[in-house]
$ cat my_file.csv   # CSV, C-alpha atoms
chain,number,residue,atom,x,y,z
A,1,MET,CA,0.0,0.0,0.0
A,2,ARG,CA,1.3,3.5,-0.9
A,3,VAL,CA,0.1,6.3,1.3
A,4,LEU,CA,0.4,10.1,1.1
A,5,GLY,CA,0.9,11.6,4.5
A,6,ILE,CA,0.2,15.2,5.4
A,7,GLU,CA,1.1,16.9,8.7
A,8,THR,CA,-0.2,20.5,9.5
A,9,SER,CA,-0.8,20.4,13.3
A,10,CYS,CA,1.3,23.4,14.2
A,11,ASP,CA,4.1,25.4,12.6
A,12,GLU,CA,5.5,22.9,10.2
A,13,THR,CA,4.1,21.6,6.9
A,14,GLY,CA,5.2,18.0,6.3
A,15,VAL,CA,4.3,15.8,3.3
A,16,ALA,CA,5.6,12.3,2.7
A,17,VAL,CA,5.0,9.2,0.7
A,18,TYR,CA,5.3,5.8,2.4
A,19,ASP,CA,5.1,2.4,0.7
A,20,SER,CA,4.4,-0.7,2.9
A,21,GLU,CA,6.9,-2.7,0.8
A,22,GLY,CA,9.3,0.0,-0.4
A,23,GLY,CA,9.5,2.1,2.7
A,24,LEU,CA,9.8,5.8,2.9
A,25,LEU,CA,9.9,7.2,-0.7
A,26,ALA,CA,9.7,10.9,0.0
A,27,ASN,CA,9.7,13.2,3.0
A,28,ILE,CA,9.4,17.0,2.5
A,29,LEU,CA,9.2,19.5,5.3
A,30,TYR,CA,8.7,23.2,5.4
A,31,SER,CA,9.3,25.0,8.7
A,32,GLN,CA,7.6,28.3,9.7
A,33,VAL,CA,10.3,29.0,12.3
A,34,GLU,CA,11.3,32.3,10.7
A,35,LEU,CA,7.7,33.4,10.4
A,36,HIS,CA,7.0,33.0,14.1
A,37,ALA,CA,10.5,33.8,15.5
A,38,GLU,CA,9.8,37.6,15.8
A,39,TYR,CA,6.8,36.8,18.0
A,40,GLY,CA,8.7,34.4,20.3
A,41,GLY,CA,6.2,31.6,19.6
A,42,VAL,CA,3.6,30.3,17.2
A,43,VAL,CA,0.8,32.6,16.1
A,44,PRO,CA,-2.1,30.3,15.1
A,45,GLU,CA,-3.6,32.4,12.4
A,46,LEU,CA,-0.3,33.0,10.7
A,47,ALA,CA,0.4,29.2,10.9
A,48,SER,CA,-2.9,28.4,9.2
A,49,ARG,CA,-2.4,30.8,6.4
A,50,ASP,CA,1.1,29.5,5.7
A,51,HIS,CA,-0.1,25.9,5.6
A,52,ILE,CA,-2.7,27.0,2.9
A,53,ARG,CA,0.2,28.5,0.8
A,54,LYS,CA,2.6,25.5,1.2
A,55,THR,CA,0.6,22.3,1.4
A,56,LEU,CA,-0.3,21.8,-2.3
A,57,PRO,CA,3.2,22.7,-3.7
A,58,LEU,CA,4.8,20.3,-1.1
A,59,ILE,CA,2.4,17.5,-2.2
A,60,ARG,CA,3.5,18.0,-5.8
A,61,GLN,CA,7.1,17.9,-4.8
A,62,ALA,CA,6.7,14.8,-2.6
A,63,LEU,CA,4.9,12.9,-5.4
A,64,ASP,CA,7.6,13.9,-7.9
A,65,GLU,CA,10.4,12.9,-5.5
A,66,ALA,CA,8.7,9.5,-4.9
A,67,GLY,CA,8.1,8.9,-8.6
A,68,THR,CA,4.5,8.5,-7.8
A,69,SER,CA,1.4,9.6,-9.8
A,70,ALA,CA,-2.0,10.3,-8.3
A,71,GLY,CA,-3.2,6.9,-9.7
A,72,GLN,CA,-0.5,5.1,-7.7
A,73,VAL,CA,-1.7,6.5,-4.3
A,74,ASP,CA,-3.7,3.9,-2.4
A,75,GLY,CA,-4.7,6.1,0.6
A,76,VAL,CA,-4.2,9.5,2.2
A,77,ALA,CA,-3.4,10.0,5.9
A,78,TYR,CA,-3.5,13.4,7.7
A,79,THR,CA,-3.1,14.7,11.2
A,80,ALA,CA,-6.5,15.0,12.8
A,81,GLY,CA,-5.3,16.2,16.2
A,82,PRO,CA,-4.3,17.2,18.7
A,83,GLY,CA,-3.0,20.6,17.5
A,84,LEU,CA,-4.1,24.0,16.4
A,85,VAL,CA,-7.6,23.6,15.0
A,86,GLY,CA,-7.1,26.1,12.1
A,87,ALA,CA,-3.9,24.4,11.0
A,88,LEU,CA,-5.4,20.9,11.3
A,89,MET,CA,-8.3,21.9,9.1
A,90,VAL,CA,-6.0,22.9,6.3
A,91,GLY,CA,-4.4,19.5,6.2
A,92,ALA,CA,-7.7,17.7,6.8
A,93,THR,CA,-9.6,19.4,4.0
A,94,VAL,CA,-6.8,19.1,1.4
A,95,SER,CA,-6.3,15.4,2.3
A,96,ARG,CA,-10.0,14.6,2.2
A,97,SER,CA,-10.5,16.4,-1.1
A,98,LEU,CA,-7.6,14.5,-2.7
A,99,ALA,CA,-8.9,11.2,-1.4
A,100,TYR,CA,-12.4,11.9,-2.7
A,101,ALA,CA,-11.0,13.0,-6.1
A,102,TRP,CA,-8.7,9.9,-6.4
A,103,SER,CA,-11.4,7.5,-5.0
A,104,VAL,CA,-9.1,6.2,-2.3
A,105,PRO,CA,-9.7,5.9,1.5
A,106,ALA,CA,-8.5,8.6,3.9
A,107,VAL,CA,-7.6,8.3,7.6
A,108,GLY,CA,-7.1,10.9,10.3
A,109,VAL,CA,-4.0,10.2,12.4
A,110,HIS,CA,-3.3,11.1,16.1
A,111,HIS,CA,-0.3,13.4,16.1
A,112,MET,CA,1.3,11.7,19.1
A,113,GLU,CA,0.7,8.3,17.7
A,114,GLY,CA,2.6,9.5,14.7
A,115,HIS,CA,5.6,10.5,16.9
A,116,LEU,CA,5.4,7.3,18.9
A,117,LEU,CA,5.6,5.2,15.7
A,118,ALA,CA,8.3,7.3,14.0
A,119,PRO,CA,11.1,5.1,15.3
A,120,MET,CA,9.5,2.2,13.5
A,121,LEU,CA,10.8,3.7,10.3
A,122,GLU,CA,14.4,2.9,11.4
A,123,HIS,CA,16.2,-0.3,10.5
A,124,ASP,CA,16.1,-1.8,14.0
A,125,PRO,CA,12.7,-0.9,15.5
A,126,PRO,CA,11.6,-2.2,19.0
A,127,GLN,CA,9.2,-5.1,19.4
A,128,PHE,CA,6.0,-4.8,21.3
A,129,PRO,CA,5.6,-4.3,24.2
A,130,PHE,CA,7.7,-1.4,25.3
A,131,ILE,CA,7.6,1.9,27.3
A,132,ALA,CA,7.4,5.1,25.3
A,133,LEU,CA,8.5,8.5,26.5
A,134,LEU,CA,6.6,11.1,24.4
A,135,VAL,CA,8.3,14.4,25.0
A,136,SER,CA,7.6,17.5,22.9
A,137,GLY,CA,6.5,21.1,23.2
A,138,GLY,CA,3.0,20.1,24.0
A,139,HIS,CA,3.3,16.7,25.7
A,140,THR,CA,5.4,14.8,28.2
A,141,GLN,CA,4.0,11.3,28.7
A,142,LEU,CA,5.0,7.9,29.7
A,143,VAL,CA,3.0,5.2,27.9
A,144,HIS,CA,2.9,1.4,28.0
A,145,VAL,CA,2.7,0.3,24.4
A,146,ALA,CA,1.3,-3.2,23.8
A,147,GLY,CA,0.7,-2.7,20.1
A,148,ILE,CA,-0.5,0.0,17.7
A,149,GLY,CA,-3.5,1.6,19.3
A,150,ARG,CA,-3.0,-0.4,22.5
A,151,TYR,CA,-1.7,2.4,24.8
A,152,ARG,CA,-1.9,2.7,28.6
A,153,LEU,CA,-1.0,6.1,30.0
A,154,LEU,CA,1.4,5.7,33.0
A,155,GLY,CA,2.2,9.3,33.7
A,156,GLU,CA,2.2,12.8,32.2
A,157,SER,CA,3.0,16.4,32.9
A,158,LEU,CA,0.6,18.1,35.3
A,159,ASP,CA,1.5,21.5,33.9
A,160,ASP,CA,4.2,22.6,31.4
A,161,ALA,CA,5.5,20.0,29.0
A,162,ALA,CA,9.3,19.6,28.9
A,163,GLY,CA,9.6,21.2,25.4
A,164,GLU,CA,7.4,24.1,26.6
A,165,ALA,CA,9.8,24.6,29.5
A,166,PHE,CA,12.8,24.6,27.2
A,167,ASP,CA,11.2,27.3,25.0
A,168,LYS,CA,10.2,29.5,27.9
A,169,THR,CA,13.6,29.2,29.6
A,170,ALA,CA,15.3,30.1,26.3
A,171,LYS,CA,13.1,33.2,26.0
A,172,MET,CA,14.2,34.2,29.5
A,173,LEU,CA,17.8,33.8,28.5
A,174,GLY,CA,17.3,35.9,25.4
A,175,LEU,CA,17.7,33.0,23.0
A,176,PRO,CA,15.7,32.8,19.7
A,177,TYR,CA,12.7,30.6,19.1
A,178,PRO,CA,12.5,27.6,19.0
A,179,GLY,CA,14.3,27.3,22.3
A,180,GLY,CA,15.1,23.7,22.8
A,181,PRO,CA,18.0,23.4,20.3
A,182,GLN,CA,19.3,26.9,21.5
A,183,ILE,CA,19.4,25.8,25.1
A,184,ALA,CA,21.2,22.6,24.2
A,185,LYS,CA,23.8,24.5,22.1
A,186,LEU,CA,24.4,27.0,24.9
A,187,ALA,CA,24.6,24.3,27.6
A,188,LEU,CA,27.6,22.8,25.8
A,189,GLU,CA,29.6,25.8,26.9
A,190,GLY,CA,28.3,25.8,30.5
A,191,ASN,CA,29.1,24.3,33.9
A,192,ALA,CA,25.9,22.7,35.3
A,193,GLY,CA,27.5,22.3,38.7
A,194,ARG,CA,27.5,26.0,39.3
A,195,TYR,CA,23.8,25.9,40.2
A,196,ASP,CA,21.8,23.3,42.1
A,197,PHE,CA,18.4,23.1,40.2
A,198,PRO,CA,15.6,21.0,41.6
A,199,ARG,CA,14.5,17.7,40.0
A,200,PRO,CA,10.7,18.2,40.3
A,201,MET,CA,8.5,15.4,41.6
A,202,THR,CA,11.3,12.9,41.7
A,203,ARG,CA,11.0,12.3,45.5
A,204,LYS,CA,7.3,11.5,45.2
A,205,PRO,CA,6.0,8.1,44.0
A,206,GLY,CA,4.4,7.8,40.6
A,207,LEU,CA,5.3,8.7,37.1
A,208,ASP,CA,3.8,12.1,36.6
A,209,PHE,CA,5.9,15.2,35.7
A,210,SER,CA,5.8,18.9,36.5
A,211,PHE,CA,8.1,21.5,35.0
A,212,SER,CA,6.4,24.8,35.9
A,213,GLY,CA,8.3,25.0,39.2
A,214,LEU,CA,11.6,24.3,37.5
A,215,LYS,CA,10.8,27.1,35.1
A,216,THR,CA,10.1,29.5,38.0
A,217,TYR,CA,13.3,28.4,39.7
A,218,THR,CA,15.2,29.2,36.5
A,219,ARG,CA,13.6,32.6,36.3
A,220,ASN,CA,14.5,33.4,39.9
A,221,THR,CA,18.1,32.3,39.3
A,222,ILE,CA,18.3,34.7,36.3
A,223,ILE,CA,16.9,37.6,38.4
A,224,ASP,CA,19.3,36.9,41.3
A,225,ALA,CA,22.3,36.7,38.9
A,226,SER,CA,21.4,40.0,37.2
A,227,GLN,CA,20.7,42.1,40.3
A,228,GLY,CA,21.2,45.8,39.9
A,229,GLY,CA,20.2,45.6,36.2
A,230,VAL,CA,23.5,44.2,35.2
A,231,PRO,CA,23.0,41.9,32.1
A,232,LEU,CA,24.0,38.3,32.5
A,233,ASP,CA,27.5,37.6,31.1
A,234,ALA,CA,28.0,34.8,28.6
A,235,ALA,CA,29.4,32.3,31.1
A,236,THR,CA,26.5,32.8,33.5
A,237,ARG,CA,23.9,32.3,30.7
A,238,ALA,CA,25.7,29.1,29.6
A,239,ASP,CA,25.9,27.8,33.2
A,240,ILE,CA,22.1,28.4,33.8
A,241,ALA,CA,21.3,26.7,30.5
A,242,ALA,CA,23.4,23.7,31.4
A,243,ALA,CA,21.9,23.4,34.9
A,244,PHE,CA,18.4,23.7,33.5
A,245,GLU,CA,19.0,21.1,30.8
A,246,GLU,CA,20.6,18.7,33.3
A,247,ALA,CA,17.7,19.0,35.6
A,248,VAL,CA,15.1,18.2,32.9
A,249,VAL,CA,17.2,15.3,31.6
A,250,ASP,CA,17.8,13.8,35.1
A,251,THR,CA,14.0,14.1,35.8
A,252,LEU,CA,13.1,12.3,32.6
A,253,VAL,CA,15.7,9.6,33.1
A,254,LEU,CA,14.6,8.9,36.7
A,255,LYS,CA,10.9,8.6,35.7
A,256,CYS,CA,11.8,6.3,32.7
A,257,ARG,CA,13.8,4.0,35.0
A,258,ARG,CA,10.9,3.9,37.4
A,259,ALA,CA,8.5,3.0,34.6
A,260,LEU,CA,10.7,0.2,33.3
A,261,LYS,CA,11.2,-1.3,36.8
A,262,GLN,CA,7.5,-1.1,37.6
A,263,THR,CA,6.5,-2.9,34.3
A,264,GLY,CA,9.5,-5.2,34.1
A,265,LEU,CA,10.1,-4.1,30.5
A,266,LYS,CA,13.6,-3.4,29.1
A,267,GLN,CA,12.8,-1.6,25.9
A,268,LEU,CA,12.3,2.2,26.0
A,269,LEU,CA,11.3,4.3,23.0
A,270,ILE,CA,11.6,8.1,23.0
A,271,ALA,CA,9.8,10.3,20.5
A,272,GLY,CA,8.9,13.9,19.9
A,273,GLY,CA,10.9,17.0,19.4
A,274,VAL,CA,12.8,16.8,22.7
A,275,SER,CA,13.9,13.3,21.9
A,276,ALA,CA,16.5,14.8,19.5
A,277,ASN,CA,18.3,16.2,22.5
A,278,THR,CA,21.8,14.7,22.6
A,279,ARG,CA,22.2,14.8,26.4
A,280,LEU,CA,18.9,13.0,26.9
A,281,ARG,CA,19.7,10.3,24.4
A,282,GLN,CA,23.1,9.7,26.0
A,283,SER,CA,21.7,9.6,29.6
A,284,LEU,CA,18.9,7.2,28.7
A,285,GLY,CA,21.4,5.0,26.8
A,286,GLN,CA,23.6,4.8,29.9
A,287,MET,CA,20.6,4.0,32.1
A,288,LEU,CA,19.3,1.3,29.8
A,289,ARG,CA,22.8,-0.3,29.5
A,290,LYS,CA,22.8,-0.7,33.3
A,291,LEU,CA,19.4,-2.4,33.1
A,292,ASP,CA,20.6,-4.6,30.3
A,293,GLY,CA,18.0,-3.0,28.1
A,294,GLN,CA,17.8,-0.8,24.9
A,295,VAL,CA,16.6,2.6,24.0
A,296,TYR,CA,15.1,3.4,20.5
A,297,TYR,CA,14.6,6.7,18.8
A,298,ALA,CA,14.1,8.1,15.3
A,299,ARG,CA,16.7,10.0,13.3
A,300,PRO,CA,16.7,13.8,14.1
A,301,GLU,CA,14.6,14.8,11.1
A,302,LEU,CA,11.9,12.5,12.2
A,303,CYS,CA,11.8,13.7,15.8
A,304,THR,CA,10.1,17.0,15.0
A,305,ASP,CA,6.7,17.2,13.2
A,306,ASN,CA,6.9,15.6,9.8
A,307,GLY,CA,4.8,13.9,7.2
A,308,ALA,CA,6.7,10.6,7.3
A,309,MET,CA,5.3,9.6,10.7
A,310,ILE,CA,1.8,10.4,9.6
A,311,ALA,CA,2.1,8.4,6.4
A,312,TYR,CA,3.5,5.4,8.3
A,313,ALA,CA,0.9,5.5,11.1
A,314,GLY,CA,-1.9,6.0,8.5
A,315,CYS,CA,-0.7,3.1,6.5
A,316,GLN,CA,-0.9,0.8,9.5
A,317,ARG,CA,-4.5,1.8,10.1
A,318,LEU,CA,-5.5,1.8,6.4
A,319,GLN,CA,-4.1,-1.7,6.0
A,320,ALA,CA,-6.3,-2.8,9.0
A,321,GLY,CA,-9.3,-1.5,7.1
A,322,GLN,CA,-9.8,1.7,9.1
A,323,HIS,CA,-10.8,4.9,7.3
A,324,GLU,CA,-13.0,7.9,7.7
A,325,GLY,CA,-16.6,8.6,6.7
A,326,LEU,CA,-17.6,11.7,4.8
A,327,ALA,CA,-17.5,14.1,7.8
A,328,ILE,CA,-14.3,16.0,8.4
A,329,ASP,CA,-13.5,16.1,12.1
A,330,VAL,CA,-10.3,17.5,13.8
A,331,ARG,CA,-9.6,17.7,17.5
A,332,ALA,CA,-7.6,20.2,19.4
A,333,ARG,CA,-7.4,17.7,22.3
A,334,TRP,CA,-7.4,14.0,21.8
A,335,PRO,CA,-6.3,11.4,24.5
A,336,LEU,CA,-4.2,8.5,23.1
A,337,SER,CA,-6.4,6.2,25.2
A,338,GLU,CA,-9.3,6.8,22.8
A,339,LEU,CA,-7.6,5.3,19.8
A,340,SER,CA,-8.8,1.9,18.6
A,341,ALA,CA,-6.3,-1.0,18.4
A,342,VAL,CA,-4.9,-2.2,15.1
A,343,GLU,CA,-5.1,-6.0,15.0

$ encode --input "my_file.csv" --output "structure tokens"
Amino acid sequence: MRVLGIETSCDETGVAVYDSEGGLLANILYSQVELHAEYGGVVPELASRDHIRKTLPLIRQALDEAGTSAGQVDGVAYTAGPGLVGALMVGATVSRSLAYAWSVPAVGVHHMEGHLLAPMLEHDPPQFPFIALLVSGGHTQLVHVAGIGRYRLLGESLDDAAGEAFDKTAKMLGLPYPGGPQIAKLALEGNAGRYDFPRPMTRKPGLDFSFSGLKTYTRNTIIDASQGGVPLDAATRADIAAAFEEAVVDTLVLKCRRALKQTGLKQLLIAGGVSANTRLRQSLGQMLRKLDGQVYYARPELCTDNGAMIAYAGCQRLQAGQHEGLAIDVRARWPLSELSAVE
């Protein structure tokens, strides 16, 4: 089965072509980072308008790169949520229109299921069951994964997601949007030991997260370090970035280790934008080696929002006979637990 996948949930337009036998044939991505950078975050209306401009040209480009004509497409997959409703509607309406015109089925894909399944596009994917850490700008979740659509939420952030905390901390340090990669880059020059940042909720039982307090602690540290209106010097900014990143990574690693021990599993998958963080990958790798386990993740370009993960996830559901009716439905919020299993 050959599937066209379209992702428009936020500030990136992704289009891909995936073939169940030939693998990923094309993966095109357009980022709106420059558009939103001057505002320090995503402006929903601007995001929607840019998706309108870019989606069709990217579809043509992806089909050309894949050497695929409209008649060779067996199905269309698109992100139906969670995300910005206006942005989701662009991808949904384009996808459903193409599917109707081509007389092929269409399926709406859960954005976080797309992220969760992205590592399956690599050469050595994990086998079910495993624990998944979904960590992005909007979500931080630990999920027990027994199969596609068979998800049990073990813990999640009670406030800010880890990626959101990265972005907000970067803004406090005067770094450009998006903040995650900027914090990681600056942290390489810093000394994390200069500051003793808290590891939130690690002394309490359970697998939930909380990063709002860490964000506030960082803000107070910045204020204390710049008393008298004196701007932070480069070394101090780097040290704060390093201490913040280390605190987030340590917290995520501790919770992942706790989840693995509670379930008795030794396979951990990390997915979402923050999963591209090098320090996080290294720390989780060290932890899994001590447990005689293994960590899995996607290549960096498949960690952020992209069409490839939507095409793959959609293909699995289309092959199982799942598809949409005539109504077009997108959801700003959509719990993973509401998804049906793929048998």

$ residues_around --input "my_file.csv" --residues "region 17-22 of chain A" --least-positions-apart "2" --cutoff "12 Å" --atoms "all atoms listed in the file" --output "PDB file with C-alpha atoms, in the frame of the given file"
ATOM      1  CA  MET A   1       0.000   0.000   0.000  1.00  0.00           C
ATOM      2  CA  ARG A   2       1.300   3.500  -0.900  1.00  0.00           C
ATOM      3  CA  VAL A   3       0.100   6.300   1.300  1.00  0.00           C
ATOM      4  CA  LEU A   4       0.400  10.100   1.100  1.00  0.00           C
ATOM      5  CA  GLY A   5       0.900  11.600   4.500  1.00  0.00           C
ATOM      6  CA  ILE A   6       0.200  15.200   5.400  1.00  0.00           C
ATOM      7  CA  GLU A   7       1.100  16.900   8.700  1.00  0.00           C
ATOM      8  CA  GLY A  14       5.200  18.000   6.300  1.00  0.00           C
ATOM      9  CA  VAL A  15       4.300  15.800   3.300  1.00  0.00           C
ATOM     10  CA  LEU A  24       9.800   5.800   2.900  1.00  0.00           C
ATOM     11  CA  LEU A  25       9.900   7.200  -0.700  1.00  0.00           C
ATOM     12  CA  ALA A  26       9.700  10.900   0.000  1.00  0.00           C
ATOM     13  CA  ASN A  27       9.700  13.200   3.000  1.00  0.00           C
ATOM     14  CA  ILE A  28       9.400  17.000   2.500  1.00  0.00           C
ATOM     15  CA  LEU A  58       4.800  20.300  -1.100  1.00  0.00           C
ATOM     16  CA  ILE A  59       2.400  17.500  -2.200  1.00  0.00           C
ATOM     17  CA  ARG A  60       3.500  18.000  -5.800  1.00  0.00           C
ATOM     18  CA  GLN A  61       7.100  17.900  -4.800  1.00  0.00           C
ATOM     19  CA  ALA A  62       6.700  14.800  -2.600  1.00  0.00           C
ATOM     20  CA  LEU A  63       4.900  12.900  -5.400  1.00  0.00           C
ATOM     21  CA  ASP A  64       7.600  13.900  -7.900  1.00  0.00           C
ATOM     22  CA  GLU A  65      10.400  12.900  -5.500  1.00  0.00           C
ATOM     23  CA  ALA A  66       8.700   9.500  -4.900  1.00  0.00           C
ATOM     24  CA  GLY A  67       8.100   8.900  -8.600  1.00  0.00           C
ATOM     25  CA  THR A  68       4.500   8.500  -7.800  1.00  0.00           C
ATOM     26  CA  SER A  69       1.400   9.600  -9.800  1.00  0.00           C
ATOM     27  CA  ALA A  70      -2.000  10.300  -8.300  1.00  0.00           C
ATOM     28  CA  GLN A  72      -0.500   5.100  -7.700  1.00  0.00           C
ATOM     29  CA  VAL A  73      -1.700   6.500  -4.300  1.00  0.00           C
ATOM     30  CA  ASP A  74      -3.700   3.900  -2.400  1.00  0.00           C
ATOM     31  CA  GLY A  75      -4.700   6.100   0.600  1.00  0.00           C
ATOM     32  CA  VAL A  76      -4.200   9.500   2.200  1.00  0.00           C
ATOM     33  CA  ALA A  77      -3.400  10.000   5.900  1.00  0.00           C
ATOM     34  CA  TYR A  78      -3.500  13.400   7.700  1.00  0.00           C
ATOM     35  CA  LEU A 121      10.800   3.700  10.300  1.00  0.00           C
ATOM     36  CA  ASN A 306       6.900  15.600   9.800  1.00  0.00           C
ATOM     37  CA  GLY A 307       4.800  13.900   7.200  1.00  0.00           C
ATOM     38  CA  ALA A 308       6.700  10.600   7.300  1.00  0.00           C
ATOM     39  CA  MET A 309       5.300   9.600  10.700  1.00  0.00           C
ATOM     40  CA  ILE A 310       1.800  10.400   9.600  1.00  0.00           C
ATOM     41  CA  ALA A 311       2.100   8.400   6.400  1.00  0.00           C
ATOM     42  CA  TYR A 312       3.500   5.400   8.300  1.00  0.00           C
ATOM     43  CA  ALA A 313       0.900   5.500  11.100  1.00  0.00           C
ATOM     44  CA  GLY A 314      -1.900   6.000   8.500  1.00  0.00           C
ATOM     45  CA  CYS A 315      -0.700   3.100   6.500  1.00  0.00           C
ATOM     46  CA  GLN A 316      -0.900   0.800   9.500  1.00  0.00           C
ATOM     47  CA  ARG A 317      -4.500   1.800  10.100  1.00  0.00           C
ATOM     48  CA  LEU A 318      -5.500   1.800   6.400  1.00  0.00           C
ATOM     49  CA  GLN A 319      -4.100  -1.700   6.000  1.00  0.00           C
TER      50      GLN A 319
END

$ closest_residue --input "my_file.csv" --among "A:Ser212, A:Val274, A:Leu154, A:Ala162" --to "Asp305 (chain A)" --atoms "all atoms listed in the file"
A:Val274

$ closest_residue --input "my_file.csv" --among "A:Ala118, A:Ala242, A:Leu98, A:Ala47" --to "Ala271 (chain A)" --atoms "all atoms listed in the file"
A:Ala118

$ residues_around --input "my_file.csv" --residues "region 135-148 of chain A" --least-positions-apart "3" --cutoff "6 Å" --atoms "only C-alpha atoms" --output "list of chain:residue names"
A:Phe128, A:Pro129, A:Phe130, A:Ile131, A:Ala132, A:Tyr151, A:Arg152, A:Leu153, A:Leu154, A:Gly155, A:Glu156, A:Ser157, A:Ala161, A:Gly163, A:Glu164, A:Gly272, A:Gly273, A:Val274, A:Ala341, A:Val342

$ residues_around --input "my_file.csv" --residues "Gly293 (chain A)" --least-positions-apart "4" --cutoff "12 Å" --atoms "all atoms listed in the file" --output "PyMOL selection string"
chain A and resi 126+130-131+257+260-261+264-269+284-289

$ atom_distance --input "my_file.csv" --atom1 "CA of Arg203 (chain A)" --atom2 "CA of Tyr217 (chain A)"
17.3 Å

$ atom_distance --input "my_file.csv" --atom1 "CA of Arg333 (chain A)" --atom2 "CA of Gly83 (chain A)"
7.1 Å

$ atom_distance --input "my_file.csv" --atom1 "CA of Asp160 (chain A)" --atom2 "CA of Ser210 (chain A)"
6.5 Å

$ closest_atom_pairs --input "my_file.csv" --of "region 32-116 of chain A" --to "region 297-302 of chain A" --cutoff "12 Å" --atoms "all atoms listed in the file" --output "Markdown table"
| residue | atom | partner | partner_atom | distance |
| --- | --- | --- | --- | --- |
| A:Gly114 | CA | A:Leu302 | CA | 10.1 |
| A:His115 | CA | A:Leu302 | CA | 8.1 |
| A:Leu116 | CA | A:Tyr297 | CA | 9.2 |

$ closest_atom_pairs --input "my_file.csv" --of "region 118-214 of chain A" --to "region 40-45 of chain A" --cutoff "9 Å" --atoms "all atoms listed in the file" --output "CSV"
residue,atom,partner,partner_atom,distance
A:Asp167,CA,A:Gly41,CA,8.5
A:Lys171,CA,A:Gly40,CA,7.3
A:Pro176,CA,A:Gly40,CA,7.2
A:Tyr177,CA,A:Gly40,CA,5.6
A:Pro178,CA,A:Gly41,CA,7.5

$ residues_around --input "my_file.csv" --residues "Thr169 (chain A)" --least-positions-apart "5" --cutoff "8 Å" --atoms "all atoms listed in the file" --output "PyMOL selection string"
chain A and resi 179+215+218-219

$ closest_residue --input "my_file.csv" --among "A:Leu326, A:Leu173, A:Ile183, A:Thr8" --to "Leu232 (chain A)" --atoms "only C-alpha atoms"
A:Leu173

$ decode --input "my_file.csv" --residues "region 108-122 of chain A" --atoms "N, CA and C atoms" --output "JSON list (two decimals), in the first residue's frame"
[["chain", "number", "residue", "atom", "x", "y", "z"],
["A", 108, "GLY", "N", -7.66, 9.83, 9.48],
["A", 108, "GLY", "CA", -7.11, 10.85, 10.35],
["A", 108, "GLY", "C", -6.20, 10.20, 11.38],
["A", 109, "VAL", "N", -5.00, 10.75, 11.54],
["A", 109, "VAL", "CA", -3.98, 10.17, 12.42],
["A", 109, "VAL", "C", -3.81, 11.04, 13.66],
["A", 110, "HIS", "N", -3.64, 10.38, 14.80],
["A", 110, "HIS", "CA", -3.33, 11.07, 16.05],
["A", 110, "HIS", "C", -1.88, 11.52, 15.99],
["A", 111, "HIS", "N", -1.67, 12.82, 16.22],
["A", 111, "HIS", "CA", -0.33, 13.40, 16.10],
["A", 111, "HIS", "C", 0.70, 12.68, 16.96],
["A", 112, "MET", "N", 0.34, 12.38, 18.22],
["A", 112, "MET", "CA", 1.30, 11.75, 19.12],
["A", 112, "MET", "C", 1.51, 10.27, 18.77],
["A", 113, "GLU", "N", 0.50, 9.61, 18.19],
["A", 113, "GLU", "CA", 0.74, 8.26, 17.70],
["A", 113, "GLU", "C", 1.74, 8.30, 16.55],
["A", 114, "GLY", "N", 1.66, 9.34, 15.74],
["A", 114, "GLY", "CA", 2.65, 9.49, 14.68],
["A", 114, "GLY", "C", 4.05, 9.57, 15.25],
["A", 115, "HIS", "N", 4.24, 10.42, 16.27],
["A", 115, "HIS", "CA", 5.55, 10.53, 16.91],
["A", 115, "HIS", "C", 5.97, 9.19, 17.50],
["A", 116, "LEU", "N", 5.05, 8.54, 18.19],
["A", 116, "LEU", "CA", 5.35, 7.28, 18.86],
["A", 116, "LEU", "C", 5.83, 6.21, 17.86],
["A", 117, "LEU", "N", 5.26, 6.21, 16.67],
["A", 117, "LEU", "CA", 5.59, 5.19, 15.68],
["A", 117, "LEU", "C", 6.74, 5.59, 14.76],
["A", 118, "ALA", "N", 7.21, 6.84, 14.85],
["A", 118, "ALA", "CA", 8.29, 7.29, 13.97],
["A", 118, "ALA", "C", 9.54, 6.41, 14.04],
["A", 119, "PRO", "N", 9.97, 5.95, 15.23],
["A", 119, "PRO", "CA", 11.14, 5.07, 15.27],
["A", 119, "PRO", "C", 10.95, 3.75, 14.54],
["A", 120, "MET", "N", 9.71, 3.38, 14.23],
["A", 120, "MET", "CA", 9.46, 2.16, 13.47],
["A", 120, "MET", "C", 9.96, 2.28, 12.03],
["A", 121, "LEU", "N", 10.26, 3.50, 11.61],
["A", 121, "LEU", "CA", 10.80, 3.72, 10.27],
["A", 121, "LEU", "C", 12.30, 3.43, 10.20],
["A", 122, "GLU", "N", 12.92, 3.18, 11.34],
["A", 122, "GLU", "CA", 14.36, 2.90, 11.37],
["A", 122, "GLU", "C", 14.61, 1.42, 11.10]]
